[in-house]
Amino acid sequence: MPNLAGLAELQSGLYAGQQTAVYIKSVIEPKMKIKLVTVDAFGTQETPSRLTYFVTEGHIDR
């Protein structure tokens with residue numbers, strides 16, 4: 001699994017670990033980074049439910 005980094009612009013009122021909704025602004029493939037824009041933030045500190053992955057092995061082609 002690749003090690004991707006999601007980078008979001010600094011925004012006041014957000015804290016580390018907070019759940020947010022984001023928009024993918026751009027993808028920088030050579031650096032394996034994704035630039036994100038925060039659309040909404042949620043004040044709850046509930047643990048998110050486990051994600052369900054439909055493809056768990058192999059490679060996804062474009």
# chains A, B, ... in the order shown; residues from 1 in each chain; ligands from 1

call {"tool": "select_by_dssp", "arguments": {"residues": "chain A", "states": "strand (DSSP E or B)", "output": "ChimeraX atom specification"}}
result
/A:5-8,20-28,33-41

call {"tool": "write_last_selection", "arguments": {"atoms": "N, CA and C atoms", "output": "PDB file, in the first residue's frame"}}
result
ATOM      1  N   ALA A   5       0.300  11.223   1.446  1.00  0.00           N
ATOM      2  CA  ALA A   5       0.133  12.295   2.424  1.00  0.00           C
ATOM      3  C   ALA A   5      -0.941  13.237   1.920  1.00  0.00           C
ATOM      4  N   GLY A   6      -1.906  13.539   2.777  1.00  0.00           N
ATOM      5  CA  GLY A   6      -2.941  14.509   2.447  1.00  0.00           C
ATOM      6  C   GLY A   6      -2.609  15.828   3.121  1.00  0.00           C
ATOM      7  N   LEU A   7      -2.452  16.871   2.345  1.00  0.00           N
ATOM      8  CA  LEU A   7      -2.070  18.176   2.873  1.00  0.00           C
ATOM      9  C   LEU A   7      -3.232  19.146   2.751  1.00  0.00           C
ATOM     10  N   ALA A   8      -3.639  19.725   3.870  1.00  0.00           N
ATOM     11  CA  ALA A   8      -4.720  20.705   3.861  1.00  0.00           C
ATOM     12  C   ALA A   8      -4.180  22.049   4.313  1.00  0.00           C
ATOM     13  N   THR A  20     -13.241  15.719   9.403  1.00  0.00           N
ATOM     14  CA  THR A  20     -13.585  16.770   8.450  1.00  0.00           C
ATOM     15  C   THR A  20     -14.076  16.169   7.142  1.00  0.00           C
ATOM     16  N   ALA A  21     -14.759  16.985   6.370  1.00  0.00           N
ATOM     17  CA  ALA A  21     -15.095  16.650   4.989  1.00  0.00           C
ATOM     18  C   ALA A  21     -14.162  17.486   4.137  1.00  0.00           C
ATOM     19  N   VAL A  22     -13.546  16.873   3.133  1.00  0.00           N
ATOM     20  CA  VAL A  22     -12.561  17.586   2.322  1.00  0.00           C
ATOM     21  C   VAL A  22     -12.862  17.465   0.835  1.00  0.00           C
ATOM     22  N   TYR A  23     -12.326  18.406   0.092  1.00  0.00           N
ATOM     23  CA  TYR A  23     -12.375  18.433  -1.371  1.00  0.00           C
ATOM     24  C   TYR A  23     -10.952  18.208  -1.849  1.00  0.00           C
ATOM     25  N   ILE A  24     -10.741  17.313  -2.809  1.00  0.00           N
ATOM     26  CA  ILE A  24      -9.402  17.081  -3.344  1.00  0.00           C
ATOM     27  C   ILE A  24      -9.099  18.185  -4.347  1.00  0.00           C
ATOM     28  N   LYS A  25      -8.163  19.065  -3.970  1.00  0.00           N
ATOM     29  CA  LYS A  25      -7.807  20.214  -4.797  1.00  0.00           C
ATOM     30  C   LYS A  25      -6.862  19.805  -5.926  1.00  0.00           C
ATOM     31  N   SER A  26      -5.865  18.993  -5.602  1.00  0.00           N
ATOM     32  CA  SER A  26      -4.935  18.528  -6.623  1.00  0.00           C
ATOM     33  C   SER A  26      -4.208  17.286  -6.151  1.00  0.00           C
ATOM     34  N   VAL A  27      -3.659  16.544  -7.110  1.00  0.00           N
ATOM     35  CA  VAL A  27      -2.881  15.344  -6.827  1.00  0.00           C
ATOM     36  C   VAL A  27      -1.495  15.552  -7.409  1.00  0.00           C
ATOM     37  N   ILE A  28      -0.468  15.398  -6.577  1.00  0.00           N
ATOM     38  CA  ILE A  28       0.920  15.541  -7.012  1.00  0.00           C
ATOM     39  C   ILE A  28       1.511  14.133  -7.057  1.00  0.00           C
ATOM     40  N   LYS A  33       1.463  13.014  -3.079  1.00  0.00           N
ATOM     41  CA  LYS A  33       0.771  13.886  -2.141  1.00  0.00           C
ATOM     42  C   LYS A  33      -0.552  14.352  -2.736  1.00  0.00           C
ATOM     43  N   ILE A  34      -1.493  14.613  -1.861  1.00  0.00           N
ATOM     44  CA  ILE A  34      -2.812  15.086  -2.259  1.00  0.00           C
ATOM     45  C   ILE A  34      -3.067  16.390  -1.517  1.00  0.00           C
ATOM     46  N   LYS A  35      -3.405  17.466  -2.242  1.00  0.00           N
ATOM     47  CA  LYS A  35      -3.756  18.737  -1.602  1.00  0.00           C
ATOM     48  C   LYS A  35      -5.262  18.748  -1.354  1.00  0.00           C
ATOM     49  N   LEU A  36      -5.639  19.098  -0.121  1.00  0.00           N
ATOM     50  CA  LEU A  36      -7.037  19.056   0.287  1.00  0.00           C
ATOM     51  C   LEU A  36      -7.525  20.427   0.724  1.00  0.00           C
ATOM     52  N   VAL A  37      -8.818  20.675   0.555  1.00  0.00           N
ATOM     53  CA  VAL A  37      -9.472  21.880   1.059  1.00  0.00           C
ATOM     54  C   VAL A  37     -10.560  21.407   2.023  1.00  0.00           C
ATOM     55  N   THR A  38     -10.552  21.917   3.252  1.00  0.00           N
ATOM     56  CA  THR A  38     -11.560  21.532   4.233  1.00  0.00           C
ATOM     57  C   THR A  38     -12.894  22.177   3.876  1.00  0.00           C
ATOM     58  N   VAL A  39     -13.918  21.359   3.711  1.00  0.00           N
ATOM     59  CA  VAL A  39     -15.253  21.824   3.361  1.00  0.00           C
ATOM     60  C   VAL A  39     -16.102  21.996   4.619  1.00  0.00           C
ATOM     61  N   ASP A  40     -15.972  21.055   5.542  1.00  0.00           N
ATOM     62  CA  ASP A  40     -16.761  21.092   6.763  1.00  0.00           C
ATOM     63  C   ASP A  40     -15.993  20.369   7.862  1.00  0.00           C
ATOM     64  N   ALA A  41     -16.214  20.750   9.107  1.00  0.00           N
ATOM     65  CA  ALA A  41     -15.588  20.099  10.253  1.00  0.00           C
ATOM     66  C   ALA A  41     -16.670  19.688  11.235  1.00  0.00           C
TER      67      ALA A  41
END

call {"tool": "atom_distance", "arguments": {"atom1": "CA of Gln19 (chain A)", "atom2": "CA of Ile60 (chain A)"}}
result
27.0 Å

call {"tool": "closest_residue", "arguments": {"among": "A:Gln18, A:Pro30, A:Gly58, A:Ser12", "to": "Glu46 (chain A)", "atoms": "only C-alpha atoms"}}
result
A:Gln18

call {"tool": "atom_distance", "arguments": {"atom1": "CA of Tyr53 (chain A)", "atom2": "CA of Gly17 (chain A)"}}
result
21.7 Å
